[in-house]
file query_35.csv (CSV, C-alpha atoms and all ligand atoms)
chain,number,residue,atom,x,y,z
X,1,MET,CA,-140.6,25.0,7.0
X,2,ASN,CA,-138.6,28.2,7.6
X,3,ASN,CA,-140.3,31.2,6.1
X,4,PRO,CA,-139.2,31.8,2.5
X,5,ASP,CA,-137.2,35.0,2.1
X,6,TYR,CA,-139.3,36.6,-0.6
X,7,LYS,CA,-137.6,39.9,-0.3
X,8,ASN,CA,-134.1,38.5,-0.9
X,9,ALA,CA,-135.3,36.3,-3.8
X,10,ARG,CA,-136.8,39.3,-5.6
X,11,LYS,CA,-133.9,41.6,-4.8
X,12,SER,CA,-131.4,39.1,-6.1
X,13,ALA,CA,-133.4,38.9,-9.4
X,14,SER,CA,-133.5,42.7,-9.7
X,15,GLU,CA,-129.8,42.9,-9.0
X,16,ILE,CA,-129.2,40.6,-12.0
X,17,LEU,CA,-131.5,42.6,-14.3
X,18,VAL,CA,-129.6,45.7,-13.4
X,19,LEU,CA,-126.3,44.1,-14.3
X,20,GLN,CA,-127.3,43.1,-17.8
X,21,ASP,CA,-126.1,45.3,-20.7
X,22,GLU,CA,-129.6,45.2,-22.2
X,23,LEU,CA,-133.0,44.2,-21.2
X,24,SER,CA,-135.5,42.9,-23.7
X,25,PHE,CA,-138.5,40.7,-23.3
X,26,PRO,CA,-139.1,37.9,-23.1
X,27,ILE,CA,-135.9,37.6,-21.1
X,28,ASP,CA,-133.5,35.2,-22.7
X,29,VAL,CA,-132.4,33.4,-19.5
X,30,GLU,CA,-129.5,31.6,-21.3
X,31,LYS,CA,-127.9,35.0,-22.1
X,32,ILE,CA,-127.9,36.2,-18.6
X,33,THR,CA,-124.5,36.9,-17.2
X,34,LEU,CA,-123.6,36.5,-13.6
X,35,LYS,CA,-120.6,37.9,-11.8
X,36,GLY,CA,-118.0,35.2,-11.2
X,37,LYS,CA,-120.1,32.4,-12.5
X,38,ASN,CA,-120.3,30.5,-15.7
X,39,ILE,CA,-123.7,29.0,-16.3
X,40,ILE,CA,-124.1,26.6,-19.2
X,41,PHE,CA,-127.5,25.7,-20.4
X,42,SER,CA,-128.2,22.4,-22.3
X,43,SER,CA,-131.2,20.3,-23.0
X,44,TYR,CA,-131.1,16.8,-21.5
X,45,LYS,CA,-131.0,15.3,-25.0
X,46,ASN,CA,-128.1,17.4,-26.1
X,47,TYR,CA,-126.1,16.7,-22.9
X,48,ALA,CA,-126.9,13.0,-23.1
X,49,SER,CA,-125.8,12.7,-26.7
X,50,LYS,CA,-122.5,14.5,-26.0
X,51,THR,CA,-121.6,12.7,-22.8
X,52,GLY,CA,-123.1,9.3,-23.5
X,53,ILE,CA,-125.1,9.4,-20.2
X,54,ASP,CA,-128.7,8.3,-20.6
X,55,VAL,CA,-131.4,11.0,-20.3
X,56,SER,CA,-133.3,9.0,-17.8
X,57,GLU,CA,-130.2,8.5,-15.7
X,58,LEU,CA,-129.5,12.3,-15.9
X,59,SER,CA,-133.0,13.2,-14.8
X,60,CYS,CA,-133.1,10.4,-12.1
X,61,ASN,CA,-135.8,8.6,-14.0
X,62,GLY,CA,-137.8,11.7,-14.6
X,63,MET,CA,-137.7,12.9,-10.9
X,64,PHE,CA,-136.3,16.1,-12.4
X,65,GLU,CA,-138.7,16.2,-15.3
X,66,ASP,CA,-138.4,19.9,-16.1
X,67,ALA,CA,-134.8,20.8,-15.2
X,68,MET,CA,-131.9,20.3,-12.9
X,69,ILE,CA,-128.5,21.6,-12.0
X,70,ILE,CA,-125.2,19.9,-12.3
X,71,ASN,CA,-122.7,21.5,-9.9
X,72,HIS,CA,-119.4,21.3,-11.7
X,73,THR,CA,-117.5,23.6,-9.5
X,74,ASP,CA,-118.6,26.6,-7.5
X,75,GLU,CA,-118.1,28.8,-10.5
X,76,VAL,CA,-119.3,26.5,-13.3
X,77,LYS,CA,-122.8,25.1,-13.2
X,78,ILE,CA,-124.8,23.4,-15.9
X,79,ILE,CA,-128.6,23.8,-16.1
X,80,LEU,CA,-130.2,20.9,-17.9
X,81,TYR,CA,-133.7,21.3,-19.1
X,82,ASN,CA,-136.3,19.2,-20.8
X,83,SER,CA,-136.7,20.5,-24.3
X,84,ASP,CA,-139.5,18.1,-25.1
X,85,ILE,CA,-141.9,19.9,-22.9
X,86,GLU,CA,-144.5,21.5,-25.2
X,87,SER,CA,-145.0,24.7,-23.3
X,88,LYS,CA,-142.2,27.1,-24.1
X,89,GLY,CA,-143.3,29.2,-21.1
X,90,ARG,CA,-142.8,26.3,-18.8
X,91,ILE,CA,-139.3,25.7,-20.2
X,92,LEU,CA,-138.4,29.4,-19.8
X,93,TRP,CA,-139.7,29.3,-16.2
X,94,SER,CA,-137.7,26.2,-15.4
X,95,LYS,CA,-134.5,27.8,-16.6
X,96,ALA,CA,-135.2,30.9,-14.5
X,97,HIS,CA,-136.2,28.8,-11.5
X,98,GLU,CA,-132.9,26.8,-11.6
X,99,LEU,CA,-130.9,29.9,-12.0
X,100,GLY,CA,-132.7,31.1,-8.9
X,101,HIS,CA,-131.4,28.1,-6.9
X,102,ILE,CA,-127.9,28.9,-8.0
X,103,VAL,CA,-128.0,32.7,-7.4
X,104,LEU,CA,-129.7,32.1,-4.0
X,105,LYS,CA,-127.0,29.6,-3.1
X,106,HIS,CA,-129.5,26.9,-2.1
X,107,LYS,CA,-127.9,23.9,-0.5
X,108,GLN,CA,-130.9,21.8,-0.2
X,109,GLN,CA,-134.3,21.1,-1.9
X,110,GLY,CA,-137.3,22.0,0.2
X,111,GLU,CA,-140.5,23.9,0.0
X,112,LYS,CA,-138.8,27.1,1.2
X,113,GLU,CA,-136.2,26.8,-1.6
X,114,GLU,CA,-138.8,26.0,-4.2
X,115,ILE,CA,-140.9,29.1,-3.2
X,116,GLU,CA,-137.8,31.3,-3.3
X,117,ALA,CA,-136.7,30.0,-6.7
X,118,ASN,CA,-140.2,30.7,-8.1
X,119,THR,CA,-140.2,34.2,-6.6
X,120,PHE,CA,-136.8,34.8,-8.2
X,121,ALA,CA,-138.1,33.5,-11.6
X,122,SER,CA,-141.2,35.7,-11.4
X,123,GLN,CA,-139.2,38.9,-10.7
X,124,LEU,CA,-136.6,38.0,-13.4
X,125,LEU,CA,-139.1,37.3,-16.2
X,126,LEU,CA,-141.6,40.0,-15.3
X,127,PRO,CA,-140.3,42.5,-12.8
X,128,GLN,CA,-143.1,43.8,-10.6
X,129,CYS,CA,-142.0,47.4,-11.1
X,130,LEU,CA,-142.2,47.0,-14.9
X,131,LEU,CA,-145.7,45.6,-14.6
X,132,LYS,CA,-146.7,48.5,-12.4
X,133,GLU,CA,-145.1,51.0,-14.8
X,134,LEU,CA,-147.1,49.6,-17.7
X,135,VAL,CA,-150.3,49.8,-15.7
X,136,LYS,CA,-149.5,53.4,-14.7
X,137,ASN,CA,-149.1,54.2,-18.3
X,138,ASN,CA,-152.6,53.0,-18.9
X,139,LEU,CA,-151.7,49.8,-20.7
X,140,ARG,CA,-154.5,47.2,-20.5
X,141,ILE,CA,-152.7,44.1,-19.1
X,142,THR,CA,-154.3,40.8,-19.9
X,143,THR,CA,-153.2,37.2,-19.3
X,144,ASP,CA,-152.6,36.9,-23.1
X,145,TYR,CA,-150.5,40.0,-23.1
X,146,ILE,CA,-148.2,38.6,-20.4
X,147,ILE,CA,-147.9,35.3,-22.2
X,148,THR,CA,-147.0,37.0,-25.5
X,149,LYS,CA,-144.7,39.7,-24.2
X,150,PHE,CA,-143.0,38.0,-21.4
X,151,GLY,CA,-143.0,34.4,-22.6
X,152,LEU,CA,-144.8,33.0,-19.5
X,153,SER,CA,-147.0,30.0,-19.3
X,154,LYS,CA,-150.7,30.5,-18.8
X,155,ALA,CA,-150.5,29.5,-15.2
X,156,ALA,CA,-147.6,31.9,-14.5
X,157,ALA,CA,-149.3,34.7,-16.4
X,158,GLU,CA,-152.5,34.2,-14.4
X,159,SER,CA,-150.5,34.4,-11.2
X,160,CYS,CA,-148.9,37.7,-12.4
X,161,MET,CA,-152.3,39.1,-13.2
X,162,LYS,CA,-153.1,38.9,-9.5
X,163,LEU,CA,-150.5,41.6,-9.0
X,164,VAL,CA,-152.1,44.0,-11.4
X,165,GLY,CA,-153.6,46.9,-9.6
X,166,LYS,CA,-152.4,45.7,-6.2
X,167,LYS,CA,-150.2,47.5,-3.8
X,168,LEU,CA,-146.6,46.3,-3.6
X,169,GLU,CA,-146.2,43.8,-0.8
X,170,ASN,CA,-144.9,45.0,2.6
X,171,ASN,CA,-141.7,43.0,2.1
X,172,TYR,CA,-141.1,44.4,-1.4
X,173,ASP,CA,-137.7,46.0,-1.8
X,174,ALA,CA,-137.9,48.8,-4.4
X,175,TYR,CA,-134.2,49.6,-4.3
X,176,TYR,CA,-133.5,48.7,-7.9
X,177,ASP,CA,-136.8,49.7,-9.4
X,178,ASP,CA,-135.8,53.0,-10.8
X,179,ILE,CA,-132.8,51.6,-12.7
X,180,ILE,CA,-134.9,48.7,-14.0
X,181,ILE,CA,-137.5,51.1,-15.3
X,182,PHE,CA,-134.8,53.2,-16.8
X,183,LYS,CA,-133.3,50.1,-18.6
X,184,CYS,CA,-136.8,49.2,-19.8
X,185,SER,CA,-137.7,52.7,-21.0
X,186,ASP,CA,-137.6,51.8,-24.7
X,187,PHE,CA,-139.8,48.8,-24.1
X,188,ILE,CA,-142.3,50.8,-22.0
X,189,LYS,CA,-142.3,53.6,-24.6
X,190,ASN,CA,-143.0,51.1,-27.4
X,191,GLU,CA,-145.7,49.3,-25.5
X,192,THR,CA,-147.5,52.4,-24.5
X,193,LYS,CA,-147.1,54.6,-27.6
X,194,ASN,CA,-150.7,54.2,-28.7
X,195,ASN,CA,-152.1,55.1,-25.3
X,196,ILE,CA,-153.5,58.5,-24.5
X,197,ARG,CA,-150.6,60.1,-22.6
X,198,SER,CA,-152.5,63.1,-21.1
X,199,SER,CA,-153.7,61.2,-18.1
X,200,TYR,CA,-150.2,60.4,-17.2
X,201,TYR,CA,-149.8,63.9,-16.0
X,202,ASP,CA,-153.1,64.0,-14.2
X,203,ASN,CA,-152.5,64.8,-10.6
X,204,ASP,CA,-155.1,62.4,-9.2
X,205,ILE,CA,-153.5,59.6,-11.1
X,206,GLU,CA,-150.1,60.7,-10.0
X,207,ASP,CA,-151.2,60.7,-6.4
X,208,GLU,CA,-152.8,57.4,-6.7
X,209,ARG,CA,-149.6,56.0,-8.2
X,210,ASN,CA,-147.5,57.4,-5.4
X,211,ASN,CA,-149.8,55.9,-2.8
X,212,TRP,CA,-149.6,52.6,-4.6
X,213,LEU,CA,-145.8,52.6,-4.9
X,214,TYR,CA,-144.8,54.0,-1.6
X,215,ASP,CA,-147.3,52.8,0.8
X,216,LEU,CA,-144.9,50.2,2.2
S,1,ZN,ZN,-136.5,23.9,-7.7
call {"tool": "encode", "arguments": {"input": "query_35.csv", "output": "structure tokens"}}
result
Amino acid sequence: MNNPDYKNARKSASEILVLQDELSFPIDVEKITLKGKNIIFSSYKNYASKTGIDVSELSCNGMFEDAMIINHTDEVKIILYNSDIESKGRILWSKAHELGHIVLKHKQQGEKEEIEANTFASQLLLPQCLLKELVKNNLRITTDYIITKFGLSKAAAESCMKLVGKKLENNYDAYYDDIIIFKCSDFIKNETKNNIRSSYYDNDIEDERNNWLYDL
């Protein structure tokens, strides 16, 4: 397997966040707009009933249980997802994951592509810089909080929890972080309004924060 390009996957998701008029959480993946592309979302069931194609045929007998992409043209893509899956978080993740394959222009399906699509989904649904900003503002982050606020499944939320309090990875590209934080400022304000703000200006914490953010 070629090495997954984590940096590009994350940067591509950040780029899309920056281009949206508004950012609110959980991210509504179906409302995301992409430059020069028309992405249509439909459940397998809905698509099957409208086209007369059988659901099992569409999903290749369940091989694509969660979701798949139909490439209509370069500009028009359809993301089909399984609306019968009980976990809403898993459905949301699948939509973001498939969008990742499209944005990252994946031509094949391999382990590298799967990792990149998941990295993209993770950054799209819960941008690392936002998570760090919430921590910096003394918000106590728990798995339940991530599930509730960002609509992630328990497994995905647990994986995000591993990032809490950690330095950004070496290959993290912080290019869009400031503008993402700016776009999320109302959300951050709302989430942290009950916290004691005085420590925010504490020099030690500020230094700690800078080490954490810029020690790349
Ligand atoms: Zn995939």
call {"tool": "closest_residue", "arguments": {"input": "query_35.csv", "among": "X:Ile146, X:Ala9, X:Val55, X:Leu125", "to": "Lys105 in chain X", "atoms": "all atoms listed in the file"}}
result
X:Ala9
call {"tool": "closest_residue", "arguments": {"input": "query_35.csv", "among": "X:Ile27, X:Leu17, X:Met63, X:Ile115", "to": "ligand ZN 1 (chain S)", "atoms": "all atoms listed in the file"}}
result
X:Ile115
call {"tool": "atom_distance", "arguments": {"input": "query_35.csv", "atom1": "CA of Val135 in chain X", "atom2": "CA of Pro4 in chain X"}}
result
27.9 Å
call {"tool": "residues_near_ligand", "arguments": {"input": "query_35.csv", "ligand": "ligand ZN 1 (chain S)", "cutoff": "7 Å", "atoms": "all atoms listed in the file", "output": "PyMOL selection string"}}
result
chain X and resi 97-98+101+109+113-114+117
call {"tool": "residues_around", "arguments": {"input": "query_35.csv", "residues": "Cys184 in chain X", "least_positions_apart": "5", "cutoff": "8 Å", "atoms": "all atoms listed in the file", "output": "JSON, numbers by chain"}}
result
{"X": [23, 24, 130]}
call {"tool": "atom_distance", "arguments": {"input": "query_35.csv", "atom1": "CA of Leu80 in chain X", "atom2": "CA of Thr143 in chain X"}}
result
28.2 Å
call {"tool": "build_atoms", "arguments": {"input": "query_35.csv", "residues": "range 134-161 of chain X", "atoms": "N, CA and C atoms", "output": "mmCIF file, in the coordinates of the input"}}
result
data_model
loop_
_atom_site.group_PDB
_atom_site.id
_atom_site.type_symbol
_atom_site.label_atom_id
_atom_site.label_comp_id
_atom_site.auth_asym_id
_atom_site.auth_seq_id
_atom_site.Cartn_x
_atom_site.Cartn_y
_atom_site.Cartn_z
ATOM 1 N N LEU X 134 -146.242 49.755 -16.523
ATOM 2 C CA LEU X 134 -147.100 49.600 -17.700
ATOM 3 C C LEU X 134 -148.559 49.943 -17.329
ATOM 4 N N VAL X 135 -148.973 49.504 -16.148
ATOM 5 C CA VAL X 135 -150.300 49.800 -15.700
ATOM 6 C C VAL X 135 -150.469 51.325 -15.504
ATOM 7 N N LYS X 136 -149.460 51.905 -14.912
ATOM 8 C CA LYS X 136 -149.500 53.400 -14.700
ATOM 9 C C LYS X 136 -149.600 54.128 -15.977
ATOM 10 N N ASN X 137 -149.027 53.566 -17.030
ATOM 11 C CA ASN X 137 -149.100 54.200 -18.300
ATOM 12 C C ASN X 137 -150.359 53.769 -19.120
ATOM 13 N N ASN X 138 -151.323 53.294 -18.367
ATOM 14 C CA ASN X 138 -152.600 53.000 -18.900
ATOM 15 C C ASN X 138 -152.654 51.809 -19.914
ATOM 16 N N LEU X 139 -151.699 50.969 -19.841
ATOM 17 C CA LEU X 139 -151.700 49.800 -20.700
ATOM 18 C C LEU X 139 -152.663 48.763 -20.135
ATOM 19 N N ARG X 140 -153.532 48.239 -20.970
ATOM 20 C CA ARG X 140 -154.500 47.200 -20.500
ATOM 21 C C ARG X 140 -153.714 45.874 -20.450
ATOM 22 N N ILE X 141 -153.495 45.373 -19.261
ATOM 23 C CA ILE X 141 -152.700 44.100 -19.100
ATOM 24 C C ILE X 141 -153.722 42.956 -19.057
ATOM 25 N N THR X 142 -153.489 41.972 -19.895
ATOM 26 C CA THR X 142 -154.300 40.800 -19.900
ATOM 27 C C THR X 142 -153.374 39.556 -19.734
ATOM 28 N N THR X 143 -153.962 38.419 -19.427
ATOM 29 C CA THR X 143 -153.200 37.200 -19.300
ATOM 30 C C THR X 143 -152.459 36.937 -20.676
ATOM 31 N N ASP X 144 -153.185 37.129 -21.770
ATOM 32 C CA ASP X 144 -152.600 36.900 -23.100
ATOM 33 C C ASP X 144 -151.425 37.823 -23.379
ATOM 34 N N TYR X 145 -151.589 39.060 -22.935
ATOM 35 C CA TYR X 145 -150.500 40.000 -23.100
ATOM 36 C C TYR X 145 -149.235 39.541 -22.424
ATOM 37 N N ILE X 146 -149.387 39.077 -21.182
ATOM 38 C CA ILE X 146 -148.200 38.600 -20.400
ATOM 39 C C ILE X 146 -147.601 37.385 -21.060
ATOM 40 N N ILE X 147 -148.458 36.490 -21.558
ATOM 41 C CA ILE X 147 -147.900 35.300 -22.200
ATOM 42 C C ILE X 147 -147.124 35.695 -23.440
ATOM 43 N N THR X 148 -147.668 36.592 -24.256
ATOM 44 C CA THR X 148 -147.000 37.000 -25.500
ATOM 45 C C THR X 148 -145.743 37.787 -25.265
ATOM 46 N N LYS X 149 -145.823 38.776 -24.396
ATOM 47 C CA LYS X 149 -144.700 39.700 -24.200
ATOM 48 C C LYS X 149 -143.581 39.173 -23.361
ATOM 49 N N PHE X 150 -143.960 38.377 -22.347
ATOM 50 C CA PHE X 150 -143.000 38.000 -21.400
ATOM 51 C C PHE X 150 -142.663 36.465 -21.448
ATOM 52 N N GLY X 151 -143.347 35.782 -22.348
ATOM 53 C CA GLY X 151 -143.000 34.400 -22.600
ATOM 54 C C GLY X 151 -143.434 33.443 -21.452
ATOM 55 N N LEU X 152 -144.369 33.875 -20.628
ATOM 56 C CA LEU X 152 -144.800 33.000 -19.500
ATOM 57 C C LEU X 152 -145.816 32.006 -19.901
ATOM 58 N N SER X 153 -145.910 30.958 -19.116
ATOM 59 C CA SER X 153 -147.000 30.000 -19.300
ATOM 60 C C SER X 153 -148.295 30.627 -18.853
ATOM 61 N N LYS X 154 -149.399 29.992 -19.196
ATOM 62 C CA LYS X 154 -150.700 30.500 -18.800
ATOM 63 C C LYS X 154 -150.816 30.610 -17.280
ATOM 64 N N ALA X 155 -150.355 29.549 -16.626
ATOM 65 C CA ALA X 155 -150.500 29.500 -15.200
ATOM 66 C C ALA X 155 -149.645 30.630 -14.516
ATOM 67 N N ALA X 156 -148.421 30.839 -15.022
ATOM 68 C CA ALA X 156 -147.600 31.900 -14.500
ATOM 69 C C ALA X 156 -148.156 33.269 -14.761
ATOM 70 N N ALA X 157 -148.685 33.417 -15.979
ATOM 71 C CA ALA X 157 -149.300 34.700 -16.400
ATOM 72 C C ALA X 157 -150.476 35.023 -15.493
ATOM 73 N N GLU X 158 -151.277 34.006 -15.212
ATOM 74 C CA GLU X 158 -152.500 34.200 -14.400
ATOM 75 C C GLU X 158 -152.043 34.631 -12.956
ATOM 76 N N SER X 159 -150.941 34.055 -12.510
ATOM 77 C CA SER X 159 -150.500 34.400 -11.200
ATOM 78 C C SER X 159 -149.950 35.858 -11.176
ATOM 79 N N CYS X 160 -149.304 36.292 -12.264
ATOM 80 C CA CYS X 160 -148.900 37.700 -12.400
ATOM 81 C C CYS X 160 -150.032 38.648 -12.438
ATOM 82 N N MET X 161 -151.117 38.205 -13.067
ATOM 83 C CA MET X 161 -152.300 39.100 -13.200
ATOM 84 C C MET X 161 -152.845 39.476 -11.830
#
